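Enquirer: Okay, so here is target_37.cif, and as you'll see once you scroll down, it has mmCIF, C-alpha atoms.
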data_entry
#
loop_
_atom_site.label_atom_id
_atom_site.label_comp_id
_atom_site.auth_asym_id
_atom_site.auth_seq_id
_atom_site.Cartn_x
_atom_site.Cartn_y
_atom_site.Cartn_z
CA MET S 1 0.00 0.00 0.00
CA LEU S 2 2.83 2.40 0.84
CA LEU S 3 4.44 1.78 -2.55
CA PHE S 4 1.10 2.27 -4.29
CA ASP S 5 0.52 5.55 -2.42
CA LYS S 6 4.00 6.80 -3.41
CA ILE S 7 3.33 5.99 -7.05
CA LYS S 8 -0.03 7.80 -6.93
CA LYS S 9 1.63 10.92 -5.52
CA ASN S 10 4.43 10.91 -8.10
CA GLU S 11 2.70 12.25 -11.22
CA THR S 12 5.76 11.82 -13.44
CA LEU S 13 6.21 8.18 -12.44
CA LEU S 14 2.46 7.52 -12.70
CA ALA S 15 2.34 8.96 -16.22
CA ALA S 16 5.36 6.86 -17.26
CA LEU S 17 3.82 3.70 -15.81
CA LYS S 18 0.51 4.33 -17.56
CA ASN S 19 2.35 4.99 -20.80
CA THR S 20 4.38 1.80 -20.36
CA SER S 21 1.25 -0.22 -19.58
CA TRP S 22 -0.29 0.90 -22.88
CA LEU S 23 2.89 0.12 -24.80
CA VAL S 24 3.46 -3.23 -23.12
CA GLY S 25 -0.22 -4.22 -23.25
CA GLU S 26 -0.39 -3.56 -26.98
CA LYS S 27 2.89 -5.33 -27.61
CA VAL S 28 1.85 -8.41 -25.63
CA LEU S 29 -1.38 -8.73 -27.60
CA SER S 30 0.43 -8.01 -30.87
CA MET S 31 3.19 -10.46 -29.95
CA VAL S 32 0.72 -13.28 -29.40
CA LEU S 33 -1.20 -12.48 -32.58
CA VAL S 34 1.90 -12.08 -34.77
CA LEU S 35 3.43 -15.27 -33.37
CA LEU S 36 0.29 -17.28 -34.09
CA VAL S 37 0.05 -15.88 -37.62
CA ASN S 38 3.74 -16.64 -38.24
CA VAL S 39 3.11 -20.21 -37.15
CA PHE S 40 0.49 -20.60 -39.89
CA VAL S 41 2.59 -18.73 -42.47
CA ALA S 42 5.73 -20.78 -41.69
CA ARG S 43 3.80 -24.05 -41.86
CA HIS S 44 2.16 -22.97 -45.12
CA LEU S 45 5.28 -21.73 -46.91
CA GLU S 46 7.59 -24.44 -45.48
CA PRO S 47 11.27 -23.77 -44.65
CA GLU S 48 12.52 -22.91 -48.15
CA SER S 49 9.93 -20.23 -49.05
CA PHE S 50 9.69 -18.98 -45.48
CA GLY S 51 13.47 -18.61 -45.48
CA LEU S 52 13.37 -16.62 -48.71
CA LEU S 53 10.67 -14.30 -47.31
CA ASN S 54 12.77 -13.64 -44.20
CA TYR S 55 15.86 -13.15 -46.34
CA LEU S 56 14.05 -10.41 -48.26
CA LEU S 57 12.86 -8.78 -45.03
CA ALA S 58 16.36 -8.95 -43.55
CA VAL S 59 17.82 -7.22 -46.60
CA ILE S 60 15.20 -4.45 -46.32
CA ALA S 61 15.95 -4.13 -42.60
CA LEU S 62 19.47 -3.08 -43.56
CA LEU S 63 17.88 0.15 -44.89
CA ILE S 64 16.35 1.15 -41.56
CA PRO S 65 19.30 3.23 -40.23
CA LEU S 66 19.24 5.48 -43.32
CA SER S 67 15.44 5.69 -43.13
CA SER S 68 15.38 6.74 -39.46
CA LEU S 69 18.69 8.67 -39.48
CA GLY S 70 19.15 8.07 -35.75
CA LEU S 71 16.52 10.71 -34.95
CA ASN S 72 14.12 8.64 -32.84
CA ALA S 73 15.18 9.59 -29.32
CA ILE S 74 16.50 12.97 -30.46
CA VAL S 75 13.07 13.96 -31.78
CA THR S 76 11.51 12.90 -28.47
CA ARG S 77 14.06 15.03 -26.61
CA GLU S 78 13.48 18.01 -28.90
CA LEU S 79 9.72 17.78 -28.46
CA VAL S 80 10.06 17.57 -24.67
CA ALA S 81 12.32 20.63 -24.60
CA LEU S 82 10.35 22.47 -27.35
CA LYS S 83 13.23 24.83 -28.13
CA HIS S 84 11.68 24.98 -31.61
CA SER S 85 8.01 24.90 -32.55
CA TYR S 86 6.58 21.39 -32.80
CA LEU S 87 5.65 22.14 -36.44
CA SER S 88 9.25 22.85 -37.32
CA ILE S 89 10.48 19.77 -35.45
CA MET S 90 7.93 17.38 -36.96
CA THR S 91 8.07 18.68 -40.53
CA THR S 92 11.85 18.92 -40.64
CA ALA S 93 12.41 15.49 -39.08
CA THR S 94 9.88 13.83 -41.41
CA ILE S 95 11.33 15.34 -44.57
CA ILE S 96 14.94 14.49 -43.80
CA ARG S 97 13.91 10.94 -42.82
CA PHE S 98 12.09 10.61 -46.15
CA LEU S 99 15.19 11.79 -48.02
CA GLY S 100 17.23 9.28 -46.04
CA GLY S 101 14.83 6.56 -47.19
CA VAL S 102 15.26 7.64 -50.81
CA LEU S 103 19.04 7.41 -50.43
CA ALA S 104 18.69 3.94 -48.87
CA SER S 105 16.53 2.75 -51.79
CA ILE S 106 19.06 4.04 -54.32
CA ILE S 107 21.87 2.19 -52.54
CA LEU S 108 19.85 -1.04 -52.42
CA ILE S 109 18.87 -0.86 -56.10
CA THR S 110 22.53 -0.26 -56.97
CA CYS S 111 23.45 -3.40 -55.00
CA LEU S 112 20.82 -5.30 -56.99
CA TYR S 113 22.30 -4.05 -60.26
CA PHE S 114 25.77 -5.31 -59.30
CA GLY S 115 24.45 -8.69 -58.14
CA VAL S 116 25.34 -8.36 -54.44
CA PHE S 117 22.37 -10.53 -53.41
CA THR S 118 22.60 -13.96 -55.05
CA ARG S 119 19.69 -15.87 -53.48
CA LEU S 120 16.72 -13.81 -54.65
CA GLU S 121 15.45 -16.57 -56.96
CA GLY S 122 13.89 -14.13 -59.41
CA LYS S 123 12.38 -11.93 -56.68
CA HIS S 124 14.37 -8.78 -57.53
CA TRP S 125 11.09 -6.89 -57.94
CA ALA S 126 10.28 -7.72 -54.30
CA ILE S 127 13.35 -5.86 -53.08
CA ILE S 128 12.32 -2.77 -55.04
CA LEU S 129 8.71 -2.98 -53.81
CA LEU S 130 9.70 -3.38 -50.16
CA SER S 131 12.30 -0.60 -50.37
CA LEU S 132 9.63 1.79 -51.73
CA ALA S 133 7.28 0.78 -48.90
CA ASN S 134 10.14 1.50 -46.51
CA LEU S 135 9.97 5.20 -47.50
CA LEU S 136 6.81 5.47 -45.39
CA VAL S 137 8.90 4.92 -42.26
CA ALA S 138 9.47 8.69 -42.40
CA PHE S 139 6.00 9.21 -40.90
CA HIS S 140 6.85 7.09 -37.86
CA VAL S 141 8.22 10.31 -36.38
CA ILE S 142 4.60 10.79 -35.28
CA ASP S 143 5.18 8.04 -32.71
CA PHE S 144 7.77 10.21 -30.96
CA TRP S 145 5.38 13.17 -30.82
CA PHE S 146 3.03 11.04 -28.73
CA GLN S 147 5.92 9.64 -26.67
CA ALA S 148 7.04 13.16 -25.78
CA LYS S 149 3.51 13.90 -24.57
CA VAL S 150 3.48 10.56 -22.69
CA GLN S 151 0.31 9.69 -24.63
CA SER S 152 1.35 6.49 -26.35
CA LYS S 153 -2.13 4.98 -25.87
CA TYR S 154 -3.29 6.67 -29.08
CA ILE S 155 -0.45 5.36 -31.21
CA VAL S 156 -0.84 1.96 -29.55
CA LYS S 157 -4.40 1.68 -30.83
CA VAL S 158 -3.23 2.43 -34.37
CA ARG S 159 -0.44 -0.13 -34.21
CA PHE S 160 -2.69 -2.82 -32.84
CA LEU S 161 -5.39 -2.16 -35.46
CA SER S 162 -2.72 -2.39 -38.15
CA VAL S 163 -1.47 -5.69 -36.72
CA VAL S 164 -5.02 -7.09 -36.63
CA LEU S 165 -5.71 -6.08 -40.23
CA ILE S 166 -2.46 -7.38 -41.68
CA SER S 167 -2.71 -10.59 -39.61
CA SER S 168 -6.22 -11.18 -40.95
CA ILE S 169 -4.95 -10.69 -44.49
CA LYS S 170 -2.13 -13.20 -43.97
CA LEU S 171 -4.50 -15.78 -42.50
CA ILE S 172 -6.81 -15.35 -45.51
CA LEU S 173 -3.81 -15.89 -47.79
CA VAL S 174 -2.89 -19.06 -45.92
CA TYR S 175 -6.48 -20.30 -46.11
CA HIS S 176 -6.54 -19.78 -49.88
CA ASP S 177 -3.13 -21.46 -50.31
CA ALA S 178 -1.55 -18.26 -51.66
CA PRO S 179 2.02 -18.30 -53.06
CA LEU S 180 5.04 -16.51 -51.60
CA THR S 181 4.42 -13.52 -53.87
CA ALA S 182 1.20 -12.69 -52.04
CA PHE S 183 2.98 -12.59 -48.68
CA ILE S 184 5.58 -10.21 -50.09
CA TRP S 185 2.80 -7.81 -51.11
CA ALA S 186 1.29 -8.21 -47.65
CA ALA S 187 4.61 -7.14 -46.10
CA ALA S 188 4.60 -4.00 -48.25
CA LEU S 189 0.97 -3.31 -47.34
CA GLU S 190 1.88 -3.53 -43.65
CA SER S 191 4.11 -0.43 -43.93
CA LEU S 192 1.35 1.44 -45.77
CA LEU S 193 -1.37 0.62 -43.23
CA LEU S 194 0.73 1.64 -40.24
CA SER S 195 1.89 4.93 -41.74
CA VAL S 196 -1.61 5.93 -42.87
CA GLY S 197 -2.91 5.08 -39.39
CA PHE S 198 -0.23 7.26 -37.76
CA ILE S 199 -1.13 10.20 -40.00
CA ILE S 200 -4.85 9.87 -39.28
CA ILE S 201 -4.47 9.79 -35.47
CA TYR S 202 -1.94 12.63 -35.63
CA LYS S 203 -4.41 14.79 -37.55
CA LEU S 204 -7.24 13.88 -35.15
CA LYS S 205 -5.10 15.10 -32.25
CA LYS S 206 -4.54 18.44 -33.99
CA GLY S 207 -1.04 17.64 -35.17
CA SER S 208 0.05 18.81 -38.59
CA PHE S 209 2.87 19.13 -41.10
CA GLU S 210 3.59 22.30 -43.08
CA LEU S 211 6.21 22.43 -45.79
CA SER S 212 6.75 26.10 -44.95
CA SER S 213 7.90 24.99 -41.48
CA PHE S 214 10.79 22.99 -42.91
CA ASP S 215 14.00 24.45 -41.50
CA PHE S 216 17.06 23.39 -43.46
CA SER S 217 19.57 24.69 -40.91
CA TYR S 218 17.67 23.02 -38.08
CA GLY S 219 17.58 19.80 -40.11
CA MET S 220 21.37 19.97 -40.51
CA SER S 221 21.62 20.55 -36.76
CA LEU S 222 19.54 17.41 -36.10
CA LEU S 223 21.72 15.39 -38.48
CA LYS S 224 24.85 16.73 -36.79
CA GLN S 225 23.49 15.60 -33.42
CA SER S 226 22.54 12.20 -34.79
CA LYS S 227 25.64 11.49 -36.88
CA TRP S 228 26.96 8.98 -34.37
CA LEU S 229 23.51 7.43 -34.02
CA ILE S 230 23.24 7.02 -37.80
CA LEU S 231 26.55 5.18 -37.95
CA SER S 232 25.76 3.17 -34.83
CA GLY S 233 22.36 2.32 -36.32
CA ILE S 234 24.07 0.93 -39.41
CA ALA S 235 26.41 -1.12 -37.22
CA SER S 236 23.47 -2.22 -35.04
CA ILE S 237 21.30 -3.46 -37.88
CA ILE S 238 24.30 -5.31 -39.32
CA TYR S 239 24.72 -7.42 -36.23
CA LEU S 240 20.95 -7.75 -35.76
CA LYS S 241 20.07 -8.94 -39.27
CA ILE S 242 23.26 -9.85 -41.10
CA ASP S 243 23.07 -13.39 -39.69
CA GLN S 244 20.00 -14.19 -41.82
CA VAL S 245 21.55 -12.66 -44.92
CA MET S 246 24.84 -14.51 -44.43
CA LEU S 247 23.13 -17.80 -43.54
CA THR S 248 21.09 -17.64 -46.75
CA GLU S 249 24.07 -16.66 -48.91
CA MET S 250 26.46 -19.20 -47.34
CA VAL S 251 24.09 -22.16 -46.84
CA SER S 252 20.51 -22.00 -48.19
CA THR S 253 17.10 -20.36 -47.88
CA THR S 254 15.87 -23.54 -46.18
CA GLU S 255 18.47 -23.20 -43.43
CA ASN S 256 17.46 -19.58 -43.01
CA GLY S 257 13.81 -20.62 -42.77
CA ILE S 258 14.65 -22.90 -39.84
CA TYR S 259 16.83 -20.23 -38.22
CA SER S 260 14.16 -17.55 -38.76
CA VAL S 261 11.61 -19.55 -36.77
CA ALA S 262 13.98 -19.65 -33.78
CA SER S 263 15.05 -16.01 -34.06
CA ARG S 264 11.45 -14.79 -34.34
CA ILE S 265 10.47 -16.48 -31.09
CA SER S 266 13.64 -15.20 -29.46
CA GLU S 267 13.26 -11.62 -30.73
CA VAL S 268 9.52 -11.31 -30.20
CA TRP S 269 10.27 -10.33 -26.58
CA TYR S 270 12.45 -7.37 -27.56
CA PHE S 271 9.46 -5.02 -27.51
CA PHE S 272 9.47 -4.94 -23.69
CA PRO S 273 12.83 -3.21 -23.05
CA THR S 274 12.19 -0.75 -25.87
CA ALA S 275 8.76 0.18 -24.51
CA LEU S 276 9.99 0.47 -20.92
CA ALA S 277 13.05 2.57 -21.79
CA ALA S 278 11.03 4.84 -24.13
CA SER S 279 8.36 5.49 -21.51
CA PHE S 280 10.83 6.35 -18.75
CA PHE S 281 13.20 8.36 -20.95
CA PRO S 282 11.42 11.73 -20.43
CA SER S 283 11.45 11.22 -16.62
CA LEU S 284 15.12 10.18 -16.73
CA LEU S 285 15.96 13.42 -18.53
CA LYS S 286 14.12 15.44 -15.88
CA TYR S 287 15.79 13.62 -12.98
CA LYS S 288 19.18 14.11 -14.59
CA GLU S 289 18.67 17.87 -14.45
CA THR S 290 16.95 18.09 -11.05
CA ASN S 291 17.94 15.12 -8.86
CA LYS S 292 21.12 13.16 -9.62
CA GLU S 293 20.50 10.64 -6.85
CA LYS S 294 17.04 9.72 -8.15
CA TYR S 295 18.50 9.61 -11.66
CA GLN S 296 21.01 6.93 -10.61
CA GLN S 297 18.41 5.02 -8.62
CA GLN S 298 16.03 5.04 -11.56
CA LEU S 299 18.74 3.73 -13.89
CA GLN S 300 19.62 0.87 -11.52
CA ARG S 301 16.00 -0.12 -10.93
CA LEU S 302 15.19 -0.11 -14.64
CA CYS S 303 18.30 -2.17 -15.42
CA ASP S 304 17.38 -4.68 -12.68
CA VAL S 305 13.87 -5.06 -14.06
CA LEU S 306 15.17 -5.53 -17.60
CA PHE S 307 17.74 -8.13 -16.56
CA ILE S 308 15.38 -10.19 -14.40
CA SER S 309 12.75 -10.17 -17.17
CA ALA S 310 15.25 -11.36 -19.78
CA LEU S 311 16.69 -14.01 -17.46
CA ALA S 312 13.25 -15.45 -16.70
CA ILE S 313 12.36 -15.64 -20.40
CA ALA S 314 15.72 -17.23 -21.29
CA LEU S 315 15.48 -19.91 -18.59
CA VAL S 316 11.94 -20.93 -19.54
CA LEU S 317 12.58 -21.10 -23.29
CA THR S 318 15.90 -22.93 -22.90
CA PHE S 319 14.10 -25.88 -21.33
CA LEU S 320 11.01 -25.72 -23.57
CA SER S 321 12.67 -24.87 -26.90
CA ASP S 322 12.57 -28.30 -28.58
CA TRP S 323 9.01 -29.06 -27.53
CA LEU S 324 7.79 -25.55 -28.36
CA ILE S 325 9.24 -25.51 -31.89
CA VAL S 326 7.74 -28.86 -32.84
CA PHE S 327 4.42 -28.05 -31.20
CA LEU S 328 4.08 -24.73 -33.02
CA PHE S 329 5.79 -25.25 -36.35
CA GLY S 330 5.94 -28.98 -36.89
CA ASP S 331 8.68 -31.56 -37.43
CA GLU S 332 10.03 -29.75 -40.52
CA TYR S 333 11.39 -27.06 -38.22
CA SER S 334 12.57 -29.34 -35.37
CA ALA S 335 16.21 -28.30 -35.87
CA ALA S 336 15.22 -24.78 -34.73
CA GLY S 337 14.83 -26.02 -31.14
CA SER S 338 18.56 -26.13 -30.37
CA ILE S 339 19.03 -22.81 -32.17
CA LEU S 340 16.37 -21.17 -30.00
CA ALA S 341 17.92 -22.55 -26.80
CA LEU S 342 21.10 -20.63 -27.65
CA HIS S 343 19.69 -17.54 -29.38
CA ILE S 344 17.33 -16.67 -26.51
CA TRP S 345 20.29 -15.77 -24.25
CA ALA S 346 21.11 -12.80 -26.46
CA GLY S 347 18.00 -11.23 -24.95
CA VAL S 348 19.77 -10.70 -21.61
CA PHE S 349 22.06 -8.17 -23.28
CA VAL S 350 19.44 -6.80 -25.68
CA PHE S 351 17.16 -5.93 -22.76
CA MET S 352 19.87 -3.99 -20.92
CA ARG S 353 21.02 -2.44 -24.19
CA ALA S 354 17.70 -0.60 -24.49
CA LEU S 355 18.52 1.34 -21.31
CA LEU S 356 22.14 1.82 -22.35
CA SER S 357 21.03 3.50 -25.59
CA LYS S 358 18.91 6.02 -23.66
CA TRP S 359 21.72 6.61 -21.14
CA LEU S 360 24.24 7.37 -23.90
CA LEU S 361 21.82 9.93 -25.32
CA ALA S 362 21.11 11.51 -21.93
CA GLU S 363 24.84 11.72 -21.14
CA ASN S 364 25.71 13.04 -24.62
CA LEU S 365 27.99 10.07 -25.27
CA LEU S 366 26.60 9.20 -28.68
CA VAL S 367 30.02 8.35 -30.09
CA PHE S 368 30.01 5.29 -27.82
CA SER S 369 26.79 4.13 -29.43
CA LEU S 370 28.79 3.81 -32.63
CA VAL S 371 31.76 2.20 -30.88
CA THR S 372 29.67 -0.44 -29.11
CA HIS S 373 27.54 -1.29 -32.13
CA GLY S 374 30.63 -1.25 -34.35
CA VAL S 375 32.38 -3.78 -32.13
CA GLY S 376 29.24 -5.93 -32.17
CA ALA S 377 28.99 -5.80 -35.96
CA ILE S 378 32.65 -6.71 -36.51
CA ILE S 379 32.52 -9.62 -34.05
CA ASN S 380 29.21 -10.86 -35.47
CA ILE S 381 30.41 -10.86 -39.07
CA GLY S 382 33.73 -12.48 -38.12
CA LEU S 383 32.10 -15.22 -36.05
CA ASN S 384 29.45 -15.85 -38.73
CA LEU S 385 32.14 -16.29 -41.38
CA TRP S 386 33.88 -18.79 -39.11
CA LEU S 387 30.94 -20.65 -37.55
CA ILE S 388 28.20 -20.76 -40.21
CA PRO S 389 30.11 -23.05 -42.64
CA MET S 390 30.67 -25.54 -39.78
CA TYR S 391 27.51 -25.28 -37.70
CA HIS S 392 24.97 -23.48 -39.93
CA GLY S 393 22.12 -22.04 -37.81
CA ILE S 394 23.75 -23.05 -34.51
CA GLY S 395 26.85 -21.12 -35.54
CA ALA S 396 24.79 -18.03 -36.35
CA ALA S 397 23.10 -18.25 -32.93
CA ILE S 398 26.45 -18.49 -31.11
CA ALA S 399 27.73 -15.49 -33.09
CA THR S 400 24.63 -13.53 -32.13
CA VAL S 401 24.95 -14.14 -28.38
CA VAL S 402 28.69 -13.41 -28.25
CA SER S 403 28.44 -10.24 -30.35
CA TYR S 404 25.49 -8.92 -28.31
CA ALA S 405 27.42 -9.54 -25.08
CA PHE S 406 30.40 -7.56 -26.36
CA ALA S 407 28.37 -4.72 -27.88
CA SER S 408 26.01 -4.23 -24.94
CA TYR S 409 28.21 -4.94 -21.94
CA ILE S 410 31.85 -6.03 -22.20
CA VAL S 411 32.98 -3.10 -24.37
CA LEU S 412 31.76 -0.64 -21.69
CA PHE S 413 34.75 -1.54 -19.52
CA PHE S 414 37.23 -0.19 -22.07
CA HIS S 415 36.64 3.55 -21.48
CA PRO S 416 36.13 5.56 -18.25
CA SER S 417 33.17 7.45 -19.73
CA THR S 418 31.07 4.27 -19.90
CA TRP S 419 32.18 2.79 -16.56
CA PRO S 420 29.09 4.14 -14.72
CA MET S 421 26.75 2.12 -16.94
CA ALA S 422 29.08 -0.90 -16.82
CA LYS S 423 28.79 -0.75 -13.02
CA ILE S 424 24.98 -0.56 -13.16
CA MET S 425 24.79 -3.51 -15.56
CA THR S 426 27.22 -5.55 -13.45
CA LYS S 427 25.04 -4.99 -10.38
CA SER S 428 22.02 -6.15 -12.36
CA LEU S 429 23.84 -9.26 -13.59
CA PHE S 430 24.50 -10.13 -9.94
CA PHE S 431 20.96 -9.19 -8.91
CA PRO S 432 20.10 -12.62 -7.44
CA GLY S 433 23.10 -12.34 -5.10
CA ARG S 434 22.23 -8.78 -4.16
CA PHE S 435 18.64 -9.83 -3.49
CA ILE S 436 19.71 -12.68 -1.16
CA LEU S 437 22.27 -10.55 0.68
CA ALA S 438 19.72 -7.79 1.24
CA ARG S 439 17.54 -10.29 3.10
CA ILE S 440 20.34 -11.96 5.04
CA ARG S 441 21.86 -8.77 6.47
CA PRO S 442 18.96 -7.82 8.76
CA VAL S 443 19.06 -11.30 10.29
CA VAL S 444 22.83 -11.16 10.86
#
What is this structure when it is put down as structure tokens?
Expert:
Amino acid sequence: MLLFDKIKKNETLLAALKNTSWLVGEKVLSMVLVLLVNVFVARHLEPESFGLLNYLLAVIALLIPLSSLGLNAIVTRELVALKHSYLSIMTTATIIRFLGGVLASIILITCLYFGVFTRLEGKHWAIILLSLANLLVAFHVIDFWFQAKVQSKYIVKVRFLSVVLISSIKLILVYHDAPLTAFIWAAALESLLLSVGFIIIYKLKKGSFELSSFDFSYGMSLLKQSKWLILSGIASIIYLKIDQVMLTEMVSTTENGIYSVASRISEVWYFFPTALAASFFPSLLKYKETNKEKYQQQLQRLCDVLFISALAIALVLTFLSDWLIVFLFGDEYSAAGSILALHIWAGVFVFMRALLSKWLLAENLLVFSLVTHGVGAIINIGLNLWLIPMYHGIGAAIATVVSYAFASYIVLFFHPSTWPMAKIMTKSLFFPGRFILARIRPVV
């Protein structure tokens, strides 16, 4: 009761918790729905076609850093501070993100022309279609407008409606025994539905865009602030998605189909740390300026929650992986069980990484975002080149866990500027011991 009373009296904390509950609630429902739909899609397409679909999506994912330009948290910070009018912030950020998406599409089409991707099996048009749909990511800046206002419940409703609609379409396609081509079009439609939904709710809440509010100098200022985040985003997406691209190129689409089943179950949980860190980011910024002690306490508590959540998920899925894969996807995907049992442990570092990313932004240490992601990307690529030929999907899973551990934790010990967060993460990693000691001391 005392804790509940304290929360009720703390308006900032209460708003963050309500915001998180909306984000987490929507993600849990979406997670369950998307997972169930993927089960039917994977069973329908079988490993080879399902692997090709995920290969295409992984290639498109490589465009995301140039489409977002590292502006996500920066836009939230700018909207909280409101040093410029919201119209200028929103219009400028949207336009430069759109231009970044155009650049990304040009780069990808150039790669197609020079034959960089060798396993497309005649689906070159799919890469072009999905890259054009990716341009709509520019309008996702609307999400950060609602985050800054701690009103994510509105954007949550849009996302969930989009998930329901696109899931229904995929289930209809499965029912009618549709070919892979139809699911590629559905993936493109998903980007369209979500972006249109964002624009509609933004307009309903009196938000707007005006071309006359575009501020070129302010846009250059935003890009200057985000330059390290852009580069770190490129490095990040490399070690997040390059495993599927390399596995397909070095082994087969079938092997990637099996690996994709395991990685999807493993990664489906990654919404939680992102939602929690995003919801508490505005309050962290305020505490940093007004109360350093509360700022440190908040960081430690959030890191503890993230670690314990990831540990619980990893332990459960490690023991249930084989049974779960066969139960959901069938015997054709049985090899994914051992991959999942390894891959799920990357979540321990991914969960804490979500807080680290916000901390680097709050502390103006964005260069370390690039350094940490860069180390992760180099290690991931190196280990994939070594392990995939020998162990296929298992090798890719090992490379993922090791590279995530280095990028999100180990590398923090190599520079004094990041020692504070390394200390917080270390305390979280030893949370069970801290928890036991805290209860033994009063007795002693």
Enquirer: Restricting the calculation to only C-alpha atoms: of S:Cys111, S:Lys292, S:Met250, S:Val305, which residue gets closest to Leu385 in chain S?
Expert: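 Among S:Cys111, S:Lys292, S:Met250, S:Val305, it is S:Met250 that comes nearest to Leu385 in chain S.
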Enquirer: Residues within 9 Å of range 235-249 of chain S, please, as a PyMOL selection string. Count all atoms listed in the file; anything in the same chain fewer than 3 positions from it doesn't count.
Expert: chain S and resi 51-52+54-56+58-59+61-65+117-119+230-232+252-257+259-260+370-381+384-385+388-389+392-393+396-397+399-400+403-404
Enquirer: Show me, as a VMD selection string, the residues that have an atom within 9 Å of range 85-92 of chain S when counting all atoms listed in the file, minus same-chain residues fewer than 5 positions from it.
Expert: chain S and resid 75 78 to 79 97 141 to 142 145 207 to 216 218 to 219
Enquirer: Nearest residue to His140 in chain S out of S:Ile95, S:Leu229, S:Leu165, S:Val326, using only C-alpha atoms?
Expert: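 Closest residue, counting only C-alpha atoms: S:Ile95.
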Enquirer: Taking the file as I've supplied it (selection: the PyMOL selection byres ((chain S and resi 411) around 10)), which residues are included? Please answer as JSON, numbers by chain.
Expert: {"S": [368, 371, 372, 373, 375, 376, 405, 406, 407, 408, 409, 410, 412, 413, 414, 415, 418, 419, 422]}
Enquirer: Hey, can you check how far CA of Leu135 in chain S sits from CA of Ala73 in chain S?
Expert: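 Atom-to-atom, CA of Leu135 in chain S to CA of Ala73 in chain S, that is 19.4 Å.
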Enquirer: To one decimal place in Å, what is the distance between CA of Val164 in chain S and CA of Ile199 in chain S?
Expert: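 One can read the CA of Val164 in chain S to CA of Ile199 in chain S distance as 18.0 Å.
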Enquirer: Quick one: residues within 8 Å of Ser226 in chain S, all atoms listed in the file, excluding same-chain residues fewer than 2 positions away - as a PyMOL selection string?
Expert: chain S and resi 69-71+74+222-224+228-230+366
Enquirer: Would you mind telling me which residue in S:Asp322, S:Leu136, S:Phe146, S:Ser68 lies nearest to Lys206 in chain S when using only C-alpha atoms?
Expert: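 Answer, going by the shortest atom-to-atom distance: S:Phe146.
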Enquirer: Taking only C-alpha atoms into account, name the residue in S:Ile169, S:Val261, S:Ala182, S:Val34 that is nearest to Glu332 in chain S.
Expert: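 Between S:Ile169, S:Val261, S:Ala182, S:Val34, the residue approaching Glu332 in chain S most closely is S:Val261.
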Enquirer: Please write C-alpha atoms of range 135-164 of chain S, from the structure given just now, as a PDB file, in the first residue's frame.
Expert:
ATOM      1  CA  LEU S 135       9.967   5.200 -47.499  1.00  0.00           C
ATOM      2  CA  LEU S 136       6.813   5.472 -45.393  1.00  0.00           C
ATOM      3  CA  VAL S 137       8.899   4.919 -42.264  1.00  0.00           C
ATOM      4  CA  ALA S 138       9.466   8.686 -42.396  1.00  0.00           C
ATOM      5  CA  PHE S 139       6.001   9.211 -40.896  1.00  0.00           C
ATOM      6  CA  HIS S 140       6.852   7.095 -37.863  1.00  0.00           C
ATOM      7  CA  VAL S 141       8.222  10.312 -36.380  1.00  0.00           C
ATOM      8  CA  ILE S 142       4.600  10.786 -35.275  1.00  0.00           C
ATOM      9  CA  ASP S 143       5.179   8.039 -32.707  1.00  0.00           C
ATOM     10  CA  PHE S 144       7.770  10.214 -30.956  1.00  0.00           C
ATOM     11  CA  TRP S 145       5.375  13.168 -30.816  1.00  0.00           C
ATOM     12  CA  PHE S 146       3.028  11.036 -28.729  1.00  0.00           C
ATOM     13  CA  GLN S 147       5.922   9.637 -26.670  1.00  0.00           C
ATOM     14  CA  ALA S 148       7.038  13.163 -25.781  1.00  0.00           C
ATOM     15  CA  LYS S 149       3.509  13.899 -24.574  1.00  0.00           C
ATOM     16  CA  VAL S 150       3.475  10.558 -22.686  1.00  0.00           C
ATOM     17  CA  GLN S 151       0.311   9.685 -24.632  1.00  0.00           C
ATOM     18  CA  SER S 152       1.346   6.490 -26.350  1.00  0.00           C
ATOM     19  CA  LYS S 153      -2.130   4.982 -25.875  1.00  0.00           C
ATOM     20  CA  TYR S 154      -3.286   6.670 -29.079  1.00  0.00           C
ATOM     21  CA  ILE S 155      -0.446   5.358 -31.209  1.00  0.00           C
ATOM     22  CA  VAL S 156      -0.838   1.959 -29.548  1.00  0.00           C
ATOM     23  CA  LYS S 157      -4.403   1.681 -30.833  1.00  0.00           C
ATOM     24  CA  VAL S 158      -3.233   2.433 -34.368  1.00  0.00           C
ATOM     25  CA  ARG S 159      -0.439  -0.130 -34.215  1.00  0.00           C
ATOM     26  CA  PHE S 160      -2.694  -2.819 -32.836  1.00  0.00           C
ATOM     27  CA  LEU S 161      -5.388  -2.159 -35.463  1.00  0.00           C
ATOM     28  CA  SER S 162      -2.724  -2.390 -38.154  1.00  0.00           C
ATOM     29  CA  VAL S 163      -1.474  -5.690 -36.724  1.00  0.00           C
ATOM     30  CA  VAL S 164      -5.023  -7.092 -36.627  1.00  0.00           C
TER      31      VAL S 164
END
